[in-house]
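J.: query-v4.txt is reproduced in full below (compact mmCIF, C-alpha atoms and all ligand atoms).
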```txt
# COMPACT_ATOMS: atom_id res chain seq x y z
CA MET A 1 -135.48 -37.07 59.66
CA THR A 2 -136.79 -40.32 61.12
CA ASP A 3 -134.34 -42.57 59.27
CA LYS A 4 -131.74 -43.71 61.78
CA ASP A 5 -129.14 -45.00 59.29
CA PRO A 6 -126.86 -42.15 58.16
CA ALA A 7 -125.01 -44.39 55.70
CA ARG A 8 -128.03 -44.15 53.36
CA PHE A 9 -127.56 -40.42 52.76
CA HIS A 10 -124.95 -37.92 51.60
CA PRO A 11 -123.42 -35.61 54.25
CA GLU A 12 -125.27 -32.61 52.73
CA THR A 13 -128.61 -34.32 53.40
CA LEU A 14 -127.62 -35.37 56.91
CA ALA A 15 -126.59 -31.77 57.70
CA VAL A 16 -130.17 -30.57 57.14
CA ALA A 17 -132.14 -32.97 59.28
CA PHE A 18 -130.33 -35.95 60.81
CA GLY A 19 -130.80 -36.69 64.51
CA TYR A 20 -134.10 -34.91 65.03
CA ASP A 21 -137.62 -36.35 64.82
CA PRO A 22 -140.40 -33.69 64.78
CA ALA A 23 -142.71 -36.23 66.49
CA SER A 24 -140.56 -35.79 69.61
CA ALA A 25 -141.55 -32.11 69.88
CA LEU A 26 -145.24 -31.54 68.99
CA GLY A 27 -144.45 -31.68 65.26
CA SER A 28 -142.18 -28.66 65.35
CA VAL A 29 -140.22 -28.65 62.07
CA LYS A 30 -137.21 -27.28 63.87
CA ALA A 31 -135.76 -28.67 67.07
CA PRO A 32 -136.80 -26.60 70.09
CA ILE A 33 -134.24 -25.09 72.45
CA TYR A 34 -134.54 -26.82 75.81
CA MET A 35 -133.58 -23.99 78.14
CA THR A 36 -133.38 -25.96 81.36
CA SER A 37 -130.66 -26.89 83.80
CA THR A 38 -132.35 -29.98 85.22
CA PHE A 39 -134.95 -32.67 84.39
CA VAL A 40 -137.96 -34.00 86.33
CA TYR A 41 -138.70 -37.73 86.92
CA PRO A 42 -142.10 -39.36 87.35
CA SER A 43 -140.94 -41.47 90.34
CA ALA A 44 -137.99 -42.14 92.60
CA GLN A 45 -137.38 -45.55 90.98
CA TYR A 46 -137.37 -43.94 87.52
CA ALA A 47 -134.77 -41.41 88.69
CA LYS A 48 -132.60 -44.28 89.97
CA ASP A 49 -132.96 -46.14 86.65
CA VAL A 50 -131.91 -43.03 84.71
CA HIS A 51 -128.77 -42.70 86.82
CA GLU A 52 -127.99 -46.40 86.46
CA ALA A 53 -128.30 -46.16 82.67
CA TYR A 54 -126.09 -43.06 82.55
CA PHE A 55 -123.30 -44.15 84.86
CA ASP A 56 -123.25 -47.96 84.51
CA GLY A 57 -124.84 -48.45 81.09
CA THR A 58 -127.20 -51.08 82.55
CA GLY A 59 -130.84 -51.35 83.68
CA PRO A 60 -134.25 -50.85 82.04
CA LEU A 61 -133.59 -47.37 80.59
CA VAL A 62 -130.45 -48.12 78.55
CA GLY A 63 -130.83 -46.61 75.09
CA GLU A 64 -133.64 -44.25 76.12
CA SER A 65 -132.91 -40.53 75.77
CA ASN A 66 -133.42 -39.50 79.37
CA HIS A 67 -131.59 -36.63 80.95
CA ILE A 68 -130.42 -35.79 84.45
CA TYR A 69 -128.83 -32.35 84.48
CA SER A 70 -127.74 -30.26 81.50
CA ARG A 71 -124.00 -30.44 82.28
CA LEU A 72 -124.28 -34.23 81.79
CA GLY A 73 -126.12 -33.83 78.50
CA HIS A 74 -129.27 -32.17 77.15
CA PRO A 75 -131.60 -32.74 74.17
CA GLY A 76 -129.90 -30.06 72.03
CA LEU A 77 -126.56 -31.83 72.48
CA ASP A 78 -128.10 -35.20 71.56
CA ILE A 79 -129.30 -33.84 68.23
CA LEU A 80 -126.16 -31.85 67.49
CA GLU A 81 -123.79 -34.69 68.40
CA ALA A 82 -125.71 -37.22 66.31
CA ARG A 83 -125.62 -34.82 63.38
CA LEU A 84 -121.92 -33.98 63.70
CA ALA A 85 -121.06 -37.69 63.77
CA ALA A 86 -123.30 -38.44 60.79
CA ILE A 87 -121.79 -35.63 58.71
CA ASP A 88 -118.23 -36.76 59.51
CA GLY A 89 -119.10 -40.42 58.86
CA MET A 90 -118.13 -41.38 62.42
CA GLU A 91 -120.01 -43.40 65.06
CA ALA A 92 -120.46 -40.73 67.72
CA GLY A 93 -119.85 -37.08 68.53
CA ALA A 94 -119.23 -34.72 71.44
CA ALA A 95 -119.72 -30.94 71.47
CA PHE A 96 -117.77 -28.53 73.65
CA SER A 97 -117.90 -24.86 74.57
CA SER A 98 -115.10 -23.99 72.09
CA GLY A 99 -112.58 -25.60 69.76
CA MET A 100 -109.91 -25.20 72.44
CA ALA A 101 -112.19 -26.82 75.04
CA ALA A 102 -112.34 -29.79 72.65
CA HIS A 103 -108.53 -29.86 72.20
CA SER A 104 -107.94 -29.56 75.97
CA SER A 105 -110.39 -32.38 76.62
CA ILE A 106 -108.49 -34.75 74.31
CA ALA A 107 -105.22 -33.89 76.05
CA LEU A 108 -106.69 -34.47 79.52
CA ALA A 109 -108.52 -37.65 78.50
CA TRP A 110 -105.53 -39.49 77.02
CA LEU A 111 -102.31 -38.12 78.53
CA THR A 112 -100.90 -39.13 81.90
CA PRO A 113 -97.57 -38.01 83.42
CA GLY A 114 -94.62 -39.24 81.36
CA ASP A 115 -96.60 -39.66 78.12
CA SER A 116 -95.65 -37.91 74.90
CA VAL A 117 -97.52 -36.36 72.00
CA LEU A 118 -96.42 -35.73 68.41
CA HIS A 119 -97.70 -32.73 66.46
CA GLY A 120 -96.85 -30.66 63.39
CA ARG A 121 -95.77 -27.05 63.26
CA PRO A 122 -97.14 -24.58 62.37
CA ILE A 123 -100.25 -25.49 64.34
CA TYR A 124 -103.03 -23.37 65.87
CA GLY A 125 -101.42 -21.17 68.57
CA GLY A 126 -103.70 -22.42 71.36
CA VAL A 127 -102.81 -26.04 70.55
CA ASP A 128 -99.09 -25.21 70.52
CA MET A 129 -99.51 -23.59 73.95
CA LEU A 130 -101.54 -26.55 75.26
CA TYR A 131 -98.92 -29.17 74.41
CA ASN A 132 -95.75 -27.13 74.92
CA ALA A 133 -96.54 -24.88 77.90
CA ILE A 134 -99.54 -26.24 79.83
CA MET A 135 -99.54 -30.05 79.59
CA PRO A 136 -95.78 -30.23 80.40
CA GLN A 137 -96.74 -28.92 83.86
CA PHE A 138 -98.50 -32.29 84.27
CA GLY A 139 -95.39 -34.15 83.13
CA THR A 140 -96.11 -34.73 79.41
CA HIS A 141 -93.71 -34.21 76.51
CA ALA A 142 -94.25 -32.82 73.00
CA SER A 143 -92.29 -33.64 69.84
CA VAL A 144 -92.71 -31.93 66.49
CA TYR A 145 -92.63 -33.04 62.85
CA GLN A 146 -91.75 -30.20 60.50
CA ASP A 147 -93.15 -31.57 57.24
CA GLY A 148 -96.27 -33.70 57.48
CA THR A 149 -95.74 -35.15 54.00
CA ASP A 150 -92.16 -36.39 54.63
CA GLU A 151 -92.41 -40.05 55.65
CA ASP A 152 -88.83 -40.39 56.96
CA GLY A 153 -89.04 -37.10 58.84
CA VAL A 154 -92.33 -37.99 60.54
CA ARG A 155 -91.02 -41.47 61.42
CA ALA A 156 -87.88 -39.95 62.98
CA ALA A 157 -90.01 -37.47 64.95
CA ALA A 158 -92.21 -40.34 66.19
CA ARG A 159 -89.10 -42.24 67.38
CA ALA A 160 -87.90 -39.08 69.17
CA ALA A 161 -91.33 -38.78 70.83
CA MET A 162 -91.24 -42.44 71.94
CA ALA A 163 -87.79 -41.91 73.44
CA GLN A 164 -89.34 -39.31 75.77
CA GLY A 165 -92.22 -41.51 76.91
CA PRO A 166 -95.14 -43.62 75.64
CA LEU A 167 -96.57 -41.91 72.53
CA LYS A 168 -100.33 -41.50 73.07
CA LEU A 169 -101.48 -38.85 70.58
CA ILE A 170 -100.52 -37.83 67.04
CA ILE A 171 -102.05 -34.45 66.19
CA ALA A 172 -102.45 -33.25 62.60
CA GLU A 173 -103.88 -29.87 61.63
CA THR A 174 -104.31 -29.85 57.87
CA PRO A 175 -104.14 -27.56 56.05
CA ALA A 176 -102.26 -25.73 58.80
CA ASN A 177 -102.87 -22.15 59.72
CA PRO A 178 -101.67 -19.77 58.19
CA THR A 179 -99.20 -21.35 55.76
CA ALA A 180 -101.64 -23.95 54.37
CA ALA A 181 -99.00 -26.62 55.02
CA ILE A 182 -100.48 -30.04 54.20
CA VAL A 183 -100.27 -33.07 56.48
CA ASP A 184 -100.68 -36.53 54.91
CA LEU A 185 -103.38 -38.21 57.02
CA ALA A 186 -102.79 -41.68 55.57
CA LEU A 187 -99.12 -41.30 56.56
CA MET A 188 -100.11 -40.33 60.14
CA VAL A 189 -102.25 -43.47 60.42
CA ARG A 190 -99.40 -45.62 59.04
CA ILE A 191 -96.97 -44.16 61.58
CA ALA A 192 -99.50 -44.73 64.40
CA ASP A 193 -99.75 -48.40 63.37
CA GLU A 194 -95.95 -48.74 63.35
CA VAL A 195 -95.64 -47.08 66.76
CA GLY A 196 -98.38 -49.39 68.03
CA GLU A 197 -96.32 -52.44 66.96
CA LEU A 198 -93.18 -51.06 68.60
CA GLN A 199 -94.58 -49.90 71.93
CA GLY A 200 -97.46 -52.35 72.31
CA HIS A 201 -100.27 -49.78 72.26
CA ARG A 202 -101.27 -47.63 69.33
CA PRO A 203 -101.42 -43.82 69.64
CA LEU A 204 -104.63 -42.09 68.55
CA VAL A 205 -104.51 -40.00 65.37
CA VAL A 206 -106.39 -36.73 65.90
CA VAL A 207 -107.06 -34.40 62.96
CA ASP A 208 -108.05 -30.77 63.34
CA ASN A 209 -110.33 -30.37 60.30
CA THR A 210 -111.32 -26.74 60.98
CA LEU A 211 -109.73 -25.09 57.95
CA LEU A 212 -111.44 -27.04 55.15
CA GLY A 213 -114.43 -28.24 57.16
CA PRO A 214 -116.42 -31.47 56.98
CA PHE A 215 -117.34 -31.33 53.29
CA ALA A 216 -114.09 -30.35 51.58
CA GLN A 217 -111.95 -32.84 53.52
CA ARG A 218 -113.21 -36.23 54.81
CA PRO A 219 -110.65 -37.52 57.35
CA VAL A 220 -112.79 -40.65 57.94
CA ASP A 221 -111.65 -41.90 54.52
CA PHE A 222 -108.04 -42.08 55.78
CA GLY A 223 -108.70 -44.03 58.97
CA VAL A 224 -108.03 -41.35 61.61
CA ASP A 225 -109.36 -41.95 65.13
CA LEU A 226 -110.78 -38.55 66.12
CA ILE A 227 -111.90 -35.59 64.00
CA LEU A 228 -111.89 -32.24 65.79
CA THR A 229 -113.56 -29.14 64.35
CA SER A 230 -113.68 -25.62 65.76
CA LEU A 231 -117.38 -25.02 65.02
CA THR A 232 -116.69 -21.34 65.67
CA LYS A 233 -115.30 -21.07 62.13
CA TYR A 234 -116.96 -22.42 58.95
CA CYS A 235 -119.57 -24.60 60.66
CA GLY A 236 -120.90 -21.74 62.81
CA GLY A 237 -120.17 -19.55 59.83
CA HIS A 238 -121.49 -16.19 61.01
CA SER A 239 -118.83 -15.04 63.52
CA ASP A 240 -121.43 -15.04 66.30
CA LEU A 241 -120.62 -18.08 68.47
CA LEU A 242 -117.86 -20.27 69.87
CA ALA A 243 -118.13 -24.08 69.86
CA GLY A 244 -116.06 -27.21 69.24
CA GLY A 245 -116.90 -30.72 68.05
CA ILE A 246 -115.16 -34.09 68.17
CA THR A 247 -116.29 -37.23 66.33
CA GLY A 248 -114.94 -40.77 66.39
CA ARG A 249 -115.57 -44.35 67.46
CA LYS A 250 -118.21 -44.70 70.16
CA GLU A 251 -115.82 -46.02 72.82
CA LEU A 252 -113.53 -42.98 72.42
CA ILE A 253 -116.39 -40.47 72.44
CA ASP A 254 -118.01 -42.16 75.46
CA ARG A 255 -114.80 -41.55 77.41
CA LEU A 256 -114.85 -37.84 76.48
CA LEU A 257 -118.54 -37.52 77.35
CA MET A 258 -118.09 -39.09 80.77
CA LEU A 259 -115.13 -36.82 81.59
CA ARG A 260 -116.97 -33.77 80.23
CA THR A 261 -119.60 -34.37 82.91
CA THR A 262 -116.96 -33.43 85.50
CA TRP A 263 -115.06 -30.81 83.48
CA GLY A 264 -118.26 -28.95 82.67
CA ASN A 265 -117.10 -27.71 79.26
CA HIS A 266 -120.15 -28.94 77.35
CA LEU A 267 -121.94 -26.73 74.80
CA ASP A 268 -125.01 -24.91 76.18
CA PRO A 269 -128.56 -25.40 74.78
CA TYR A 270 -128.79 -22.10 72.90
CA THR A 271 -125.40 -22.37 71.18
CA SER A 272 -126.09 -26.02 70.34
CA TRP A 273 -129.22 -24.86 68.54
CA LEU A 274 -127.34 -22.08 66.71
CA VAL A 275 -124.74 -24.58 65.47
CA LEU A 276 -127.47 -26.99 64.30
CA ARG A 277 -129.02 -24.15 62.32
CA SER A 278 -125.69 -23.22 60.74
CA LEU A 279 -124.81 -26.80 59.84
CA GLU A 280 -127.73 -26.90 57.42
CA SER A 281 -126.05 -24.44 55.06
CA VAL A 282 -122.32 -24.94 55.67
CA HIS A 283 -121.78 -26.81 52.39
CA VAL A 284 -123.32 -24.09 50.21
CA ARG A 285 -121.70 -21.26 52.17
CA THR A 286 -118.26 -22.79 51.90
CA GLU A 287 -118.68 -23.52 48.18
CA ARG A 288 -119.39 -19.85 47.51
CA ALA A 289 -116.63 -18.62 49.82
CA MET A 290 -114.16 -20.97 48.11
CA ALA A 291 -115.16 -19.75 44.65
CA ASN A 292 -114.72 -16.14 45.82
CA ALA A 293 -111.35 -17.02 47.36
CA ARG A 294 -110.08 -18.39 44.07
CA GLY A 295 -111.01 -15.13 42.33
CA VAL A 296 -109.30 -13.02 45.00
CA ALA A 297 -106.19 -15.27 45.03
CA GLU A 298 -105.85 -15.03 41.25
CA PHE A 299 -106.17 -11.22 41.38
CA LEU A 300 -103.47 -10.99 44.08
CA GLN A 301 -101.17 -13.46 42.32
CA SER A 302 -100.93 -11.21 39.28
CA HIS A 303 -100.62 -7.91 41.23
CA PRO A 304 -97.19 -6.20 40.99
CA LYS A 305 -97.17 -5.18 44.67
CA VAL A 306 -97.74 -8.77 45.84
CA ALA A 307 -94.66 -10.95 46.35
CA GLY A 308 -96.56 -14.22 46.66
CA VAL A 309 -99.84 -15.95 47.49
CA THR A 310 -99.96 -19.04 49.73
CA TYR A 311 -103.12 -20.61 48.35
CA LEU A 312 -103.68 -24.37 48.13
CA GLY A 313 -105.01 -24.08 44.60
CA PHE A 314 -101.53 -22.86 43.53
CA LEU A 315 -99.53 -25.79 44.94
CA PRO A 316 -96.97 -26.66 42.25
CA GLU A 317 -97.69 -29.72 40.09
CA GLY A 318 -95.28 -32.52 40.85
CA SER A 319 -94.66 -31.46 44.48
CA ARG A 320 -95.24 -33.87 47.36
CA ALA A 321 -97.73 -31.48 48.97
CA ARG A 322 -99.67 -31.31 45.71
CA ALA A 323 -99.90 -35.10 45.49
CA VAL A 324 -101.31 -35.29 49.04
CA TYR A 325 -103.65 -32.37 48.37
CA ASP A 326 -105.03 -34.11 45.27
CA ARG A 327 -105.65 -37.29 47.27
CA GLN A 328 -106.99 -35.74 50.43
CA CYS A 329 -108.75 -32.42 49.73
CA ARG A 330 -111.81 -31.77 47.58
CA ALA A 331 -111.34 -27.98 47.46
CA ALA A 332 -108.74 -25.32 48.23
CA GLY A 333 -110.61 -23.57 51.04
CA SER A 334 -111.19 -19.86 51.48
CA THR A 335 -108.56 -18.93 54.08
CA PHE A 336 -105.11 -18.15 52.71
CA SER A 337 -102.19 -15.73 53.02
CA PHE A 338 -100.49 -13.30 50.71
CA HIS A 339 -97.19 -11.51 51.08
CA LEU A 340 -96.62 -7.89 50.09
CA HIS A 341 -93.34 -6.55 48.79
CA GLY A 342 -92.26 -4.47 51.79
CA GLY A 343 -92.91 -4.80 55.52
CA GLU A 344 -95.15 -3.60 58.31
CA ALA A 345 -95.41 0.03 57.11
CA GLU A 346 -96.64 -0.99 53.65
CA ALA A 347 -98.99 -3.60 55.12
CA PHE A 348 -100.52 -1.16 57.61
CA ARG A 349 -101.04 1.49 54.89
CA MET A 350 -102.94 -1.03 52.83
CA LEU A 351 -105.01 -2.36 55.74
CA ASP A 352 -106.06 1.13 56.85
CA ARG A 353 -107.35 1.91 53.34
CA LEU A 354 -109.67 -1.11 53.13
CA ARG A 355 -113.36 -0.18 53.24
CA LEU A 356 -115.18 -3.48 52.81
CA PHE A 357 -112.75 -5.99 54.34
CA LYS A 358 -112.93 -6.11 58.13
CA LEU A 359 -109.74 -6.06 60.15
CA ALA A 360 -110.13 -8.98 62.57
CA VAL A 361 -108.65 -12.35 63.52
CA SER A 362 -110.75 -15.52 63.12
CA LEU A 363 -112.03 -17.05 59.91
CA GLY A 364 -114.90 -18.87 58.29
CA GLY A 365 -117.59 -16.21 58.78
CA SER A 366 -119.92 -14.80 56.14
CA GLU A 367 -117.90 -11.56 56.02
CA THR A 368 -114.37 -11.23 54.66
CA LEU A 369 -111.73 -10.78 57.35
CA ILE A 370 -108.10 -9.78 57.01
CA CYS A 371 -105.27 -9.50 59.53
CA HIS A 372 -101.56 -8.77 59.56
CA SER A 373 -100.11 -12.05 60.81
CA ALA A 374 -96.86 -10.87 62.46
CA SER A 375 -98.57 -8.24 64.63
CA THR A 376 -101.75 -10.21 65.50
CA THR A 377 -102.23 -14.00 65.21
CA HIS A 378 -98.47 -14.66 65.33
CA TYR A 379 -97.54 -11.74 67.63
CA ALA A 380 -96.28 -14.07 70.37
CA LEU A 381 -93.74 -15.86 68.12
CA SER A 382 -90.13 -14.74 67.72
CA PRO A 383 -89.13 -13.28 64.32
CA GLN A 384 -87.08 -16.46 63.78
CA GLN A 385 -90.10 -18.72 64.45
CA ARG A 386 -92.21 -16.56 62.13
CA MET A 387 -89.67 -16.89 59.32
CA GLU A 388 -89.66 -20.67 59.79
CA GLY A 389 -93.41 -20.60 59.38
CA GLY A 390 -93.15 -18.52 56.19
CA ILE A 391 -94.53 -15.35 57.81
CA THR A 392 -92.85 -12.09 56.76
CA ASP A 393 -93.66 -8.55 57.97
CA GLY A 394 -95.67 -8.18 54.76
CA THR A 395 -97.80 -11.32 55.31
CA MET A 396 -101.56 -10.97 55.61
CA ARG A 397 -104.16 -13.67 56.21
CA LEU A 398 -107.50 -13.47 54.49
CA SER A 399 -110.70 -15.33 55.25
CA VAL A 400 -112.83 -14.71 52.19
CA GLY A 401 -116.58 -14.47 52.80
CA LEU A 402 -119.82 -14.35 50.86
CA GLU A 403 -119.76 -10.80 49.42
CA HIS A 404 -119.70 -10.40 45.62
CA VAL A 405 -116.21 -11.23 44.42
CA ASP A 406 -116.00 -8.10 42.23
CA ASP A 407 -116.55 -5.88 45.28
CA LEU A 408 -113.83 -7.71 47.19
CA ILE A 409 -111.33 -7.34 44.34
CA ALA A 410 -112.20 -3.66 43.87
CA ASP A 411 -111.61 -2.96 47.57
CA LEU A 412 -108.24 -4.72 47.50
CA ALA A 413 -107.24 -2.94 44.28
CA GLN A 414 -107.87 0.53 45.73
CA ALA A 415 -106.16 -0.33 49.03
CA LEU A 416 -103.08 -1.71 47.26
CA GLU A 417 -102.61 1.70 45.62
CA ALA A 418 -101.67 3.00 49.09
CA VAL A 419 -98.72 0.61 49.39
C1 LIG B 501 -109.95 -21.31 65.82
C2 LIG B 501 -109.23 -22.61 65.77
C3 LIG B 501 -109.15 -23.43 66.90
C4 LIG B 501 -109.74 -23.04 68.23
O1 LIG B 501 -111.11 -22.93 68.19
P1 LIG B 501 -111.96 -21.96 69.18
O2 LIG B 501 -113.35 -22.30 68.86
O3 LIG B 501 -111.54 -20.56 68.87
O4 LIG B 501 -111.54 -22.34 70.58
C5 LIG B 501 -108.49 -24.65 66.78
N1 LIG B 501 -107.93 -25.03 65.61
C6 LIG B 501 -107.98 -24.26 64.51
C7 LIG B 501 -107.36 -24.74 63.26
C8 LIG B 501 -108.63 -23.03 64.55
O5 LIG B 501 -108.67 -22.26 63.45
```
Let me see the file written as structure tokens.
Ligand SMILES: *Cc1c(COP(=O)(O)O)cnc(C)c1O
T.:
Amino acid sequence: MTDKDPARFHPETLAVAFGYDPASALGSVKAPIYMTSTFVYPSAQYAKDVHEAYFDGTGPLVGESNHIYSRLGHPGLDILEARLAAIDGMEAGAAFSSGMAAHSSIALAWLTPGDSVLHGRPIYGGVDMLYNAIMPQFGTHASVYQDGTDEDGVRAAARAAMAQGPLKLIIAETPANPTAAIVDLALMVRIADEVGELQGHRPLVVVDNTLLGPFAQRPVDFGVDLILTSLTKYCGGHSDLLAGGITGRKELIDRLLMLRTTWGNHLDPYTSWLVLRSLESVHVRTERAMANARGVAEFLQSHPKVAGVTYLGFLPEGSRARAVYDRQCRAAGSTFSFHLHGGEAEAFRMLDRLRLFKLAVSLGGSETLICHSASTTHYALSPQQRMEGGITDGTMRLSVGLEHVDDLIADLAQALEAV
């Protein structure tokens, strides 16, 4: 695509071609993989100009795509980052070696000793660990809001965070894993504005958009500052890579890119290329997976051995979560939980009878995955914490893939007979 203005196209179109011009690579329809660690210059002065442009943003080569060394940036990253930003509707993007590398980079870029951060719970386990076990070693504080749709509750949690130190980051994972708890992004932005008035500097609102992905939920429409996506999941989509992306205003992304040069947690050329390839089809893959998930959720909902199904499409009419879901989400996703009558023994009997479903953590791949939450993804939590998060000993998380829905339902039906 040679058009440089992403606003002229839909995200689906941008996902196929934005950020790459075949004329830059001998007419190759697909972007090449630049497997190199370093880049050659035609002269000593040129090398100096490249460094000046990179580090000071001045001199004759500003705006040219010249590279120095692949840790500082490489052509595959340029294309991928332009495309991620275009899809999300943001100004700029940065790609990292995993979703957690992206989360850690935000923490290290914006928190200094004494600062505080506000986040919801449940939240991805690695993020919980980052803000509650690791960053506190550098003197930061974490406060939690329990219900991301409850305006008074979130406001009170923000005041509690400010009492511990300057509030710099508000983190929202929505829907949250594995309970599908919804966080109201417009509310988060409102609270950030209020906090900004009170403390004289506004915290950044960061949304982890991994669960629904860039097409089914568009955080840019709600005014958030940074959108983070574990590209390992739906965007990668084939359970064969790890990567993370962040998009946002150029000045915020520039800060991350400059720090990434030192941290060295950039995404490598080959994986950048794999993610670019996967981005082309993420919207059609997720549409099919979401249609399959609805079929599987409806089957489970009506099954006598199933106590309940935590699926966004079943949020009760009239509830606060439903109102936010209707405003904020375009689809119900394809990762959800269900709860068996009974406990671990019943769950394990069922899991060991499955023939098509694969027993594994992770989500968003082409194949259907299932895991027993209490003994795997939420193993490290206390039983009390699990109950608070709605996880019983009979809870299982499903990531529904691209197989034929009838085969998925048939496999579940025969396995449920073992319960
Ligand atoms: C998997 C996941 C992450 C972490 O991503 P990695 O690529 O595994 O490091 C962060 N947030 C959410 C919601 C996830 O599902």
J.: Hey, which residues come within 10 Å of ligand LIG 501 (chain B) if we count all atoms listed in the file? Could you give them as a PDB file with C-alpha atoms, in the coordinates of the input?
T.:
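Once written, part.pdb looks like this:
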```
ATOM      1  CA  PHE A  96    -117.770 -28.530  73.650  1.00  0.00           C
ATOM      2  CA  SER A  97    -117.900 -24.860  74.570  1.00  0.00           C
ATOM      3  CA  SER A  98    -115.100 -23.990  72.090  1.00  0.00           C
ATOM      4  CA  GLY A  99    -112.580 -25.600  69.760  1.00  0.00           C
ATOM      5  CA  MET A 100    -109.910 -25.200  72.440  1.00  0.00           C
ATOM      6  CA  ALA A 101    -112.190 -26.820  75.040  1.00  0.00           C
ATOM      7  CA  ALA A 102    -112.340 -29.790  72.650  1.00  0.00           C
ATOM      8  CA  HIS A 103    -108.530 -29.860  72.200  1.00  0.00           C
ATOM      9  CA  SER A 104    -107.940 -29.560  75.970  1.00  0.00           C
ATOM     10  CA  ILE A 123    -100.250 -25.490  64.340  1.00  0.00           C
ATOM     11  CA  TYR A 124    -103.030 -23.370  65.870  1.00  0.00           C
ATOM     12  CA  GLY A 125    -101.420 -21.170  68.570  1.00  0.00           C
ATOM     13  CA  GLY A 126    -103.700 -22.420  71.360  1.00  0.00           C
ATOM     14  CA  VAL A 127    -102.810 -26.040  70.550  1.00  0.00           C
ATOM     15  CA  ALA A 172    -102.450 -33.250  62.600  1.00  0.00           C
ATOM     16  CA  GLU A 173    -103.880 -29.870  61.630  1.00  0.00           C
ATOM     17  CA  THR A 174    -104.310 -29.850  57.870  1.00  0.00           C
ATOM     18  CA  PRO A 175    -104.140 -27.560  56.050  1.00  0.00           C
ATOM     19  CA  ALA A 176    -102.260 -25.730  58.800  1.00  0.00           C
ATOM     20  CA  ASN A 177    -102.870 -22.150  59.720  1.00  0.00           C
ATOM     21  CA  PRO A 178    -101.670 -19.770  58.190  1.00  0.00           C
ATOM     22  CA  VAL A 207    -107.060 -34.400  62.960  1.00  0.00           C
ATOM     23  CA  ASP A 208    -108.050 -30.770  63.340  1.00  0.00           C
ATOM     24  CA  ASN A 209    -110.330 -30.370  60.300  1.00  0.00           C
ATOM     25  CA  THR A 210    -111.320 -26.740  60.980  1.00  0.00           C
ATOM     26  CA  LEU A 211    -109.730 -25.090  57.950  1.00  0.00           C
ATOM     27  CA  LEU A 212    -111.440 -27.040  55.150  1.00  0.00           C
ATOM     28  CA  GLY A 213    -114.430 -28.240  57.160  1.00  0.00           C
ATOM     29  CA  LEU A 228    -111.890 -32.240  65.790  1.00  0.00           C
ATOM     30  CA  THR A 229    -113.560 -29.140  64.350  1.00  0.00           C
ATOM     31  CA  SER A 230    -113.680 -25.620  65.760  1.00  0.00           C
ATOM     32  CA  LEU A 231    -117.380 -25.020  65.020  1.00  0.00           C
ATOM     33  CA  THR A 232    -116.690 -21.340  65.670  1.00  0.00           C
ATOM     34  CA  LYS A 233    -115.300 -21.070  62.130  1.00  0.00           C
ATOM     35  CA  TYR A 234    -116.960 -22.420  58.950  1.00  0.00           C
ATOM     36  CA  GLY A 236    -120.900 -21.740  62.810  1.00  0.00           C
ATOM     37  CA  LEU A 241    -120.620 -18.080  68.470  1.00  0.00           C
ATOM     38  CA  LEU A 242    -117.860 -20.270  69.870  1.00  0.00           C
ATOM     39  CA  ALA A 243    -118.130 -24.080  69.860  1.00  0.00           C
ATOM     40  CA  GLY A 244    -116.060 -27.210  69.240  1.00  0.00           C
ATOM     41  CA  GLY A 245    -116.900 -30.720  68.050  1.00  0.00           C
ATOM     42  CA  THR A 335    -108.560 -18.930  54.080  1.00  0.00           C
ATOM     43  CA  VAL A 361    -108.650 -12.350  63.520  1.00  0.00           C
ATOM     44  CA  SER A 362    -110.750 -15.520  63.120  1.00  0.00           C
ATOM     45  CA  LEU A 363    -112.030 -17.050  59.910  1.00  0.00           C
ATOM     46  CA  GLY A 364    -114.900 -18.870  58.290  1.00  0.00           C
TER      47      GLY A 364
END
```
J.: Do you have the CA of Leu257 in chain A-CA of Thr271 in chain A distance handy?
T.: 17.7 Å
J.: How far is it from CA of Gly120 in chain A to CA of Val144 in chain A, in Å with one decimal?
T.: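 So the two atoms, CA of Gly120 in chain A and CA of Val144 in chain A, lie 5.3 Å apart.
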J.: Which residues are close to Phe39 in chain A, i.e. within 10 Å by all atoms listed in the file, leaving aside same-chain residues fewer than 6 positions away? Reply as an mmCIF file with C-alpha atoms, in the coordinates of the input.
T.:
```
data_model
loop_
_atom_site.group_PDB
_atom_site.id
_atom_site.type_symbol
_atom_site.label_atom_id
_atom_site.label_comp_id
_atom_site.auth_asym_id
_atom_site.auth_seq_id
_atom_site.Cartn_x
_atom_site.Cartn_y
_atom_site.Cartn_z
ATOM 1 C CA ALA A 47 -134.770 -41.410 88.690
ATOM 2 C CA ASN A 66 -133.420 -39.500 79.370
ATOM 3 C CA HIS A 67 -131.590 -36.630 80.950
ATOM 4 C CA ILE A 68 -130.420 -35.790 84.450
ATOM 5 C CA TYR A 69 -128.830 -32.350 84.480
ATOM 6 C CA SER A 70 -127.740 -30.260 81.500
ATOM 7 C CA HIS A 74 -129.270 -32.170 77.150
#
```
J.: Contacts of Gln199 in chain A at 12 Å or less, counting all atoms listed in the file, minus same-chain residues fewer than 2 places along, as a ChimeraX atom specification?
T.: /A:158-159,161-163,165-168,192-197,201-203
J.: Show me the residues close to (-105.6, -41.2, 67.3) - anything with an atom within 10 Å, counting all atoms listed in the file - and format the list as a PyMOL selection string.
T.: chain A and resi 106+110+168-172+188-189+192+202-207+223-227+248+252
J.: Give me, as a count of residues only, all polymer residues having an atom no more than 10 Å from Gly73 in chain A, counting all atoms listed in the file and skipping those fewer than 6 positions away in the same chain.
T.: 15
